[in-house]
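Inspection log for the structure reproduced underneath, given as structure tokens.
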Amino acid sequence: MVKVLIDFLEKLIDQTLQKGAEFIDLRLDNNQFNIISIVDGKSRDIISAIDKGVGIRVFINGGWGFSCTDKLDKNSLTETMDSAFKIARKIGEMTKINFKLDEQPSYHKKVDFPEKISLLDTPIEEKLKLIMNIDKQAKEFDARIVNTNSTYADFVGEQHLLNSFGTSLEMKINFIRVASINFAFESGVRQRGYESIGGTAGFELAQTEKTQNLGIQASQKAIQLLKASPVKAGKYSVIMDPSLTGVFTHEAFGHACEADAVLSGESILSDKIGEQVGLETVSIIDDPTLSGNFGYYPYDSEGTPSRKKNLVENGVLKNFLHSLETSSRLRTAPTGNARAQHYQSVPIVRMSNTYFQPGTWKLEELLEEVKNGLFLEGWVYGYTEPTKGSFTFKCRQAFIVENGERKTLLRDVGLSGMTLEVLNNIIGIGQNLEFSEGTCGKSGQSVPVTDGGPHVAVKDVVVGGST
Amino acid sequence: MENNYLDYAEKCLDFAQKEGIDHAEVHITNARTITVEIEKNSIKTAKFLYDHGIGIRCVKNGSIGFSFSTSFEWDKLQTMVLTALKLCKTGIPDPDFKDLPHATSYSPVRGMLDKAITTIDIDTAMDLCLRTANSAQIDKRISSINVDFLCGDNERYLLNTNGIKATTKGTAIKISAEIAAKEDSDVSSGFEFQSSRYLKEINPEVIGLAAAEMALKSLHTRDIETGTYPAIFHPFAVSSLLATALGSAVNAEAIQYKQSYLTDRINTEIASDQLNVIDNGLYINKKGIAGLGTSKFDGEGVPHQRTPLVAAGILKNHLHDSYTSGKENRKSTGNASRSSYRSIPSISLTNMEVLGNSGNLDSFISEIQKGILVYDTGDQPNITTGDFSGLISLGYKIENGAIAYPLKNAMMGINMLDFFKQIYHVGTDFRTVFNVITPSVCVTDLKIAGSD
């Protein structure tokens, strides 16, 4: 069945090339997913569905046309190809950004993501049992826990990728993610604790001790915060924990390395390749080949093999992240960073597993060096203003550091600054490298990523609070 | 296709009922979307998306299973129904679930569908984008112009085993411009957007020009001294702040689960008497055009209504769906929201209207000797604690009744209960920011952390 479909699509690609298309690629997805949401020990919703379709992209003279369909009959596929072709031809005539796509090698391969215990073969009852147990432990952790929310989600996709370079890839993709969000209440104070785990793995990830204890950890965080005070606004020396360093690396720096932002004039790094952008101790890496991590993939959504890139090496900006288009326009090689959420979306430049290279400092040494400041832990959300190069993050919690020791616990700490100033204001970089998984949103598409880093101490960071 | 969709839906409901469930509900959406992107004043990418599908919720002893299908072939629909059935029978019984909504009548809603949008072609779409981009080229310092265009139509069918059989159709259009300006080594950005259900309400020239002017006005930012200042919030900032601080915090689910800082505050004073806010699922503007959140019925088939949230500072209502209202033995407020056949309902605002008293941005600025104008922030309050600390991504220092200079890297902080109580002006300079209709709002004491 799939073979017949692939043959037909390959023919369709050839016919459209003959009509004048310069490049064509298409992705045929057959995705299955499950989501189980537990609230206060009851299954609030259980979702399971199959999502199938084809997205077709045609390139002519600098213009892209895209069209997609969930109808897989020959007529609908021909119409969809035709629609993408017509849009591309129209835009190709109108656009002032004319360029050719550089020819790339073709790849023929079948790749499976790592999976020890099959997600498809694990019955929904077992997934429910697992998440119910996490929810139960979260609730029983402390009488002050007033509400528990536990979510299990998995995803298995069969994806075919064809392009007019001759590439034909078949990938079996699988993800799993488990999350717990719990709320604590005591004498008028309400707090929230969050913990999650996720990766490109099978059901074996759900059976690890860390996953099983997720609910307890989330509840513990909520309880701990009940005693936290608000922070006093001002300028501080801070230590970012690995998860915050990871978010900083991804949000504040990584997005500015995306070459589509460079081309649209929205990156502060546009003209800085080969320049010193941070202290010599600073190195930043994007590596989609880290198997098992949430941001792992062997080929990107344009069929380019993924590879490790040093974005910053010893403080010098070395590389941007590229798609076929951005590499062609900037006269370099594609880096395998074009990703699409699913068949209804076009591939755009994205990060994968992005991390700050660890240094040599022990945590005690960092605390000793900072002496008086803030120790920032975890993050709630973060965003940047790429044209200005500024960032804002909300931390889960923080400690006041007094005389090199962590003292009073603080809540709702927000910090902001200029990305390049931070890279030059680093006091010390820790030895430990830790990763945390997340999803990154851009242009309405959400993809799995991992951010990582060590503890990093930085001076002169603006911290806002409500007192 | 309309009759076909209804037939498919009824067939699925019959099949589910025969398999022994308590309730079932089918939601079908059929959407057509055109998007265009402009990069640096040139058309870049255009997309045509057709997306239709069917989703089913099955309920057994209060346990809910959900599945969907993009195919309408009978064997695929059967698989979908059987999946949802299996899921609801596997789940944990929930005595808090009472019922799905029952059949009722809906008042007609005007101004939902613009023929001009249903027939829009790629040429018109590109022309609108180029006009937006061209009108932004007003100065040599404009260094980058990015425009996003989205328009489309969407029809929805909602049927359940309690006799609900509802259909609706609407159109929407949105154009936004993001402009960067550069002078020497100084970089700034500006944005503007318009959204409506009708093409005639969109003025691409105004969008491009306003975004460019904002970018130029934001060049040469300066540090501000840490301290407490009176502050004016532009409708952009009010909408993003209140959508979370009120919209998410009065969600009955967040209240019942004690996740919200507004828990146990119903019928108490949470704000100054200047503040009046309504959730209005039937909002029609002065030109007779429906709001983006307007519709005859919500994601479960409950009629939309007008629900006062804050009246003269008193918290009046929470937003309910059939689950949370069933739990409290009251009627749903019709706030179950649902984006497509792929999604299950969740509680959210329809259109939020902040009612005004008098004054506008200019008159408020002229009253202030030393203060802040907050134009935009990307931050949101913590709805569990009510604490808000965020970056003023675009803001100005006010000195002697006039705008003095744009702010650099300033953070603001306040608890939302203090924010509400400190409101001393709510203007009449209304702006529609997607589904929020609000004027400018002034507060007396905003904590600012500057880099100085």
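Residue numbering restarts at 1 for every chain of the structure tokens, chains are lettered A, B, ... in their displayed order, and ligands are numbered from 1 as they appear.
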Legend entry - In stretch 85-243 of chain B, DSSP strand (DSSP E) residues written as a PyMOL selection string: chain B and resi 142-160+165-183+186-196+227-233
Writing out the chosen residues with C-alpha atoms as a tab-separated table (two decimals), in the first residue's frame:
chain	number	residue	atom	x	y	z
B	142	ILE	CA	14.06	51.10	8.70
B	143	SER	CA	16.32	48.06	8.42
B	144	SER	CA	13.96	45.10	8.26
B	145	ILE	CA	10.29	44.54	7.37
B	146	ASN	CA	8.53	41.28	8.07
B	147	VAL	CA	4.85	40.80	7.40
B	148	ASP	CA	2.62	37.85	8.23
B	149	PHE	CA	-0.76	37.35	6.65
B	150	LEU	CA	-3.37	34.78	7.57
B	151	CYS	CA	-6.95	34.46	6.45
B	152	GLY	CA	-9.47	31.70	6.14
B	153	ASP	CA	-12.87	30.29	6.80
B	154	ASN	CA	-13.98	27.59	9.15
B	155	GLU	CA	-17.23	25.64	9.52
B	156	ARG	CA	-18.13	23.66	12.61
B	157	TYR	CA	-20.69	20.95	13.32
B	158	LEU	CA	-21.46	19.87	16.86
B	159	LEU	CA	-23.84	17.00	17.66
B	160	ASN	CA	-24.36	14.96	20.81
B	165	LYS	CA	-27.26	19.58	16.53
B	166	ALA	CA	-25.52	22.88	15.86
B	167	THR	CA	-23.63	24.35	12.93
B	168	THR	CA	-21.81	27.61	12.39
B	169	LYS	CA	-19.44	29.19	9.91
B	170	GLY	CA	-17.08	32.13	10.15
B	171	THR	CA	-14.21	33.95	8.51
B	172	ALA	CA	-11.11	35.63	9.93
B	173	ILE	CA	-8.20	37.69	8.69
B	174	LYS	CA	-5.03	38.91	10.40
B	175	ILE	CA	-2.12	40.97	9.14
B	176	SER	CA	0.86	41.78	11.33
B	177	ALA	CA	4.04	43.72	10.66
B	178	GLU	CA	7.32	43.54	12.56
B	179	ILE	CA	9.76	46.27	11.71
B	180	ALA	CA	13.33	46.82	12.85
B	181	ALA	CA	15.05	50.20	12.77
B	182	LYS	CA	18.76	50.87	13.00
B	183	GLU	CA	20.74	54.03	13.66
B	186	ASP	CA	21.34	51.19	18.04
B	187	VAL	CA	18.60	48.72	17.07
B	188	SER	CA	14.89	48.88	17.85
B	189	SER	CA	11.74	47.10	16.84
B	190	GLY	CA	8.11	48.00	16.32
B	191	PHE	CA	4.99	46.02	15.52
B	192	GLU	CA	1.37	46.52	14.60
B	193	PHE	CA	-1.45	44.22	13.59
B	194	GLN	CA	-5.12	44.16	12.75
B	195	SER	CA	-7.53	41.27	12.91
B	196	SER	CA	-11.19	40.96	12.04
B	227	GLY	CA	11.81	52.92	41.81
B	228	THR	CA	8.02	53.18	41.97
B	229	TYR	CA	6.19	55.10	39.27
B	230	PRO	CA	2.60	55.79	38.16
B	231	ALA	CA	2.05	53.82	34.96
B	232	ILE	CA	-0.21	53.87	31.93
B	233	PHE	CA	-0.84	50.55	30.21
Legend entry - Expected answer as a ChimeraX atom specification: chain A residues within 7 Å of chain B, only C-alpha atoms: /A:42-51,63-70,87,91,95-97,125,146-147,183,190-192,233-235,264-265,387-388,392,412,414,416-417,462,464-466
Pull C-alpha atoms from the residues just selected and write them as a PDB file, in the first residue's frame.
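Okay, this is what ended up in selection05.pdb:
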ATOM      1  CA  LYS A  42      -9.414  10.660  38.048  1.00  0.00           C
ATOM      2  CA  SER A  43      -8.838  10.284  34.337  1.00  0.00           C
ATOM      3  CA  ARG A  44     -10.037  13.629  33.018  1.00  0.00           C
ATOM      4  CA  ASP A  45      -9.476  12.814  29.321  1.00  0.00           C
ATOM      5  CA  ILE A  46      -7.861   9.980  27.442  1.00  0.00           C
ATOM      6  CA  ILE A  47      -6.992  10.753  23.846  1.00  0.00           C
ATOM      7  CA  SER A  48      -5.819   8.398  21.156  1.00  0.00           C
ATOM      8  CA  ALA A  49      -5.802   9.069  17.421  1.00  0.00           C
ATOM      9  CA  ILE A  50      -4.133   8.511  14.084  1.00  0.00           C
ATOM     10  CA  ASP A  51      -3.131  11.504  12.000  1.00  0.00           C
ATOM     11  CA  GLY A  63       9.516  31.401  -4.259  1.00  0.00           C
ATOM     12  CA  TRP A  64       8.070  28.588  -2.158  1.00  0.00           C
ATOM     13  CA  GLY A  65       4.592  27.147  -2.523  1.00  0.00           C
ATOM     14  CA  PHE A  66       3.188  24.731   0.032  1.00  0.00           C
ATOM     15  CA  SER A  67       0.019  22.723   0.088  1.00  0.00           C
ATOM     16  CA  CYS A  68      -1.106  19.726   2.110  1.00  0.00           C
ATOM     17  CA  THR A  69      -3.892  17.199   2.231  1.00  0.00           C
ATOM     18  CA  ASP A  70      -5.140  14.380   4.405  1.00  0.00           C
ATOM     19  CA  ILE A  87       1.777  29.140  -5.740  1.00  0.00           C
ATOM     20  CA  ILE A  91       5.749  33.831  -5.971  1.00  0.00           C
ATOM     21  CA  THR A  95       9.771  37.814  -5.369  1.00  0.00           C
ATOM     22  CA  LYS A  96      12.838  40.034  -5.336  1.00  0.00           C
ATOM     23  CA  ILE A  97      14.841  37.441  -3.407  1.00  0.00           C
ATOM     24  CA  GLU A 125      -4.249   0.120  30.639  1.00  0.00           C
ATOM     25  CA  VAL A 146      -4.665  20.472  47.106  1.00  0.00           C
ATOM     26  CA  ASN A 147      -4.625  19.484  43.444  1.00  0.00           C
ATOM     27  CA  PHE A 183      -0.605  22.773  43.677  1.00  0.00           C
ATOM     28  CA  ARG A 190      -0.772  29.009  46.954  1.00  0.00           C
ATOM     29  CA  GLN A 191       2.126  27.494  44.996  1.00  0.00           C
ATOM     30  CA  ARG A 192       2.705  25.315  41.974  1.00  0.00           C
ATOM     31  CA  ALA A 233      14.205  44.134  42.499  1.00  0.00           C
ATOM     32  CA  GLY A 234      17.696  45.210  41.506  1.00  0.00           C
ATOM     33  CA  LYS A 235      20.990  44.203  39.940  1.00  0.00           C
ATOM     34  CA  SER A 264      15.404  38.532   7.763  1.00  0.00           C
ATOM     35  CA  GLY A 265      17.512  40.999   9.738  1.00  0.00           C
ATOM     36  CA  THR A 387      16.502  42.255  16.979  1.00  0.00           C
ATOM     37  CA  LYS A 388      17.501  43.918  20.246  1.00  0.00           C
ATOM     38  CA  THR A 392      13.611  37.645  29.842  1.00  0.00           C
ATOM     39  CA  ASP A 412       8.611  34.483  41.123  1.00  0.00           C
ATOM     40  CA  GLY A 414      12.262  37.279  36.755  1.00  0.00           C
ATOM     41  CA  SER A 416      16.371  40.074  31.999  1.00  0.00           C
ATOM     42  CA  GLY A 417      19.414  41.308  30.162  1.00  0.00           C
ATOM     43  CA  VAL A 462      18.754  42.787  36.311  1.00  0.00           C
ATOM     44  CA  GLY A 464      12.636  42.128  38.766  1.00  0.00           C
ATOM     45  CA  GLY A 465      10.237  41.297  41.518  1.00  0.00           C
ATOM     46  CA  SER A 466       7.087  42.639  43.077  1.00  0.00           C
TER      47      SER A 466
END
Inset, instruction - Excluding B:Glu205 and any residue of its chain fewer than 5 positions from it, enumerate the residues within 9 Å of it, using only C-alpha atoms, and give them as number ranges by chain. - result: B: 128, 131-136, 210
Legend entry - Between atom CA of A:Asn133 and atom CA of A:Gln224, distance in Å (one decimal): 22.0 Å
Inset, instruction - Go through stretch 319-465 of chain A and collect every residue that DSSP, computed from the backbone, puts in alpha helix (DSSP H); the answer should be as a list in words. - result: Leu324, Glu325, Thr326, Ser327, Ser328, Arg329, Leu363, Glu364, Glu365, Leu366, Leu367, Glu368, Glu369, Val370, Thr419, Leu420, Glu421, Val422, Leu423 and Asn424 of chain A
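Among the candidates A:Val456, A:Ala252, A:Leu409, A:Leu269, the residue lying nearest to A:Ser390 is A:Ala252 (atoms considered: only C-alpha atoms).
Going from atom CA of B:Arg197 over to atom CA of B:His318, you cover 27.2 Å.
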Inset, instruction - Would you kindly return, as JSON, numbers by chain, each protein, DNA or RNA residue with an atom no farther than 7 Å from any atom of B:Thr221, considering only C-alpha atoms and excluding same-chain residues fewer than 6 positions away? - result: {"B": [405, 406, 407, 408]}
Keeping only C-alpha atoms, write the selected residues to a file as a PDB file, in the first residue's frame.
ATOM      1  CA  TYR B 405      12.404  58.550  25.887  1.00  0.00           C
ATOM      2  CA  PRO B 406      12.057  54.787  25.274  1.00  0.00           C
ATOM      3  CA  LEU B 407      13.080  52.459  28.115  1.00  0.00           C
ATOM      4  CA  LYS B 408      16.003  50.076  28.039  1.00  0.00           C
TER       5      LYS B 408
END
Inset, instruction - Quick one: pull the distance between atom CA of A:Ile36 and atom CA of A:Thr151, Å, one decimal. - result: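 Atom CA of A:Thr151 lies 5.6 Å from atom CA of A:Ile36.
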Legend entry - Top pick for closest residue to A:Phe23, considering A:Met81, A:Val380, A:Val349, A:Leu101 and counting only C-alpha atoms: A:Leu101
Inset, instruction - For stretch 420-437 of chain A, list every protein, DNA or RNA residue within 7 Å, evaluated using only C-alpha atoms, and leave out those in the same chain fewer than 5 positions away; present the list as a ChimeraX atom specification. - result: /A:197-198,242-243,277-279,294,358-363,366,449-459
Could you write out the selected residues, including N, CA and C atoms, as a compact mmCIF listing (two decimals), in the first residue's frame?
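Final output, part32.txt:
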# COMPACT_ATOMS: atom_id res chain seq x y z
N ILE A 197 9.59 14.63 32.31
CA ILE A 197 10.69 13.88 31.72
C ILE A 197 10.24 13.47 30.32
N GLY A 198 11.17 13.46 29.39
CA GLY A 198 10.78 13.08 28.03
C GLY A 198 11.99 12.72 27.21
N PRO A 242 21.71 24.34 35.95
CA PRO A 242 21.83 23.81 34.59
C PRO A 242 20.58 24.00 33.74
N SER A 243 19.38 23.87 34.32
CA SER A 243 18.19 24.01 33.48
C SER A 243 18.03 25.45 32.99
N VAL A 277 32.30 36.73 20.60
CA VAL A 277 31.00 37.18 21.12
C VAL A 277 30.87 36.95 22.63
N GLY A 278 31.85 36.25 23.20
CA GLY A 278 31.80 36.00 24.64
C GLY A 278 33.21 35.74 25.14
N LEU A 279 33.32 35.48 26.43
CA LEU A 279 34.63 35.17 27.00
C LEU A 279 35.19 33.89 26.37
N PHE A 294 15.42 14.37 23.73
CA PHE A 294 14.15 14.77 23.13
C PHE A 294 14.35 15.46 21.77
N PRO A 358 30.34 22.58 29.50
CA PRO A 358 30.78 22.74 30.89
C PRO A 358 32.21 23.26 31.01
N GLY A 359 32.50 23.88 32.16
CA GLY A 359 33.84 24.40 32.41
C GLY A 359 34.52 23.63 33.53
N THR A 360 35.22 24.34 34.41
CA THR A 360 36.08 23.66 35.38
C THR A 360 35.69 23.93 36.83
N TRP A 361 34.70 24.83 37.05
CA TRP A 361 34.41 25.24 38.43
C TRP A 361 33.51 24.24 39.15
N LYS A 362 33.82 24.04 40.45
CA LYS A 362 32.90 23.28 41.30
C LYS A 362 31.82 24.26 41.79
N LEU A 363 30.63 23.73 42.11
CA LEU A 363 29.53 24.60 42.54
C LEU A 363 29.93 25.43 43.77
N LEU A 366 31.88 28.38 42.79
CA LEU A 366 31.05 29.44 42.19
C LEU A 366 30.35 30.24 43.28
N VAL A 449 12.74 19.56 21.83
CA VAL A 449 14.14 19.96 21.92
C VAL A 449 14.69 19.60 23.30
N THR A 450 16.00 19.62 23.43
CA THR A 450 16.63 19.50 24.73
C THR A 450 17.56 20.69 24.90
N ASP A 451 17.56 21.28 26.09
CA ASP A 451 18.51 22.35 26.41
C ASP A 451 19.41 21.82 27.52
N GLY A 452 20.64 22.28 27.53
CA GLY A 452 21.52 21.80 28.59
C GLY A 452 22.62 22.77 28.93
N GLY A 453 23.30 22.46 30.03
CA GLY A 453 24.42 23.28 30.45
C GLY A 453 24.81 22.95 31.88
N PRO A 454 25.83 23.62 32.39
CA PRO A 454 26.25 23.47 33.79
C PRO A 454 25.73 24.65 34.62
N HIS A 455 26.14 24.73 35.90
CA HIS A 455 25.92 25.95 36.67
C HIS A 455 26.81 27.04 36.08
N VAL A 456 26.26 28.25 35.91
CA VAL A 456 27.08 29.34 35.37
C VAL A 456 26.85 30.58 36.23
N ALA A 457 27.94 31.21 36.66
CA ALA A 457 27.83 32.43 37.47
C ALA A 457 28.05 33.66 36.58
N VAL A 458 27.14 34.65 36.73
CA VAL A 458 27.18 35.85 35.90
C VAL A 458 27.01 37.08 36.78
N LYS A 459 27.73 38.15 36.47
CA LYS A 459 27.57 39.38 37.27
C LYS A 459 26.62 40.36 36.57
Inset, instruction - Check the smallest atom-to-atom distance from each of B:Lys11, B:Arg141, B:His425, B:Lys217 to B:Asn360 using only C-alpha atoms, then report the winner. - result: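 Nearest candidate to B:Asn360 out of B:Lys11, B:Arg141, B:His425, B:Lys217: B:His425.
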Inset, instruction - Could you give me, as a PyMOL selection string, the residues within 8 Å of A:Glu170, counting only C-alpha atoms and dropping anything in the same chain fewer than 4 positions from it? - result: chain A and resi 109-111+158-161
Got time to write the residues from that selection, N, CA and C atoms, as a JSON list (two decimals), in the first residue's frame?
[["chain", "number", "residue", "atom", "x", "y", "z"],
["A", 109, "LYS", "N", 17.38, 5.55, 2.95],
["A", 109, "LYS", "CA", 17.63, 4.84, 4.20],
["A", 109, "LYS", "C", 16.33, 4.64, 4.97],
["A", 110, "LYS", "N", 16.35, 3.61, 5.82],
["A", 110, "LYS", "CA", 15.25, 3.40, 6.75],
["A", 110, "LYS", "C", 15.86, 3.53, 8.12],
["A", 111, "VAL", "N", 15.36, 4.46, 8.93],
["A", 111, "VAL", "CA", 15.93, 4.67, 10.26],
["A", 111, "VAL", "C", 14.84, 4.53, 11.32],
["A", 158, "GLU", "N", 5.28, 7.13, 11.50],
["A", 158, "GLU", "CA", 5.98, 6.57, 10.35],
["A", 158, "GLU", "C", 6.05, 7.70, 9.35],
["A", 159, "GLN", "N", 7.24, 8.14, 9.01],
["A", 159, "GLN", "CA", 7.35, 9.30, 8.13],
["A", 159, "GLN", "C", 8.21, 8.97, 6.92],
["A", 160, "HIS", "N", 7.67, 9.28, 5.76],
["A", 160, "HIS", "CA", 8.42, 9.12, 4.51],
["A", 160, "HIS", "C", 8.76, 10.50, 3.99],
["A", 161, "LEU", "N", 9.99, 10.64, 3.54],
["A", 161, "LEU", "CA", 10.41, 11.93, 3.03],
["A", 161, "LEU", "C", 11.01, 11.72, 1.64]]
Contacts of B:Tyr106 at 10 Å or less, counting only C-alpha atoms, minus same-chain residues fewer than 4 places along, as a PDB file with C-alpha atoms, in the first residue's frame?
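Saved result, part.pdb, follows:
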ATOM      1  CA  ALA B 166     -25.521  22.880  15.862  1.00  0.00           C
ATOM      2  CA  SER B 295     -20.154  32.403  17.884  1.00  0.00           C
ATOM      3  CA  LYS B 296     -23.673  31.053  18.457  1.00  0.00           C
ATOM      4  CA  PHE B 297     -22.431  28.209  20.654  1.00  0.00           C
ATOM      5  CA  GLY B 301     -22.928  23.276  21.953  1.00  0.00           C
ATOM      6  CA  VAL B 302     -23.901  25.550  24.884  1.00  0.00           C
ATOM      7  CA  PRO B 303     -25.205  28.955  23.682  1.00  0.00           C
ATOM      8  CA  HIS B 304     -22.702  31.779  24.032  1.00  0.00           C
TER       9      HIS B 304
END
Inset, instruction - Considering only C-alpha atoms, state which residue in the set A:Gly404, A:Gly378, A:Gly62, A:Pro334 is at the smallest distance from A:Thr245. - result: A:Gly378
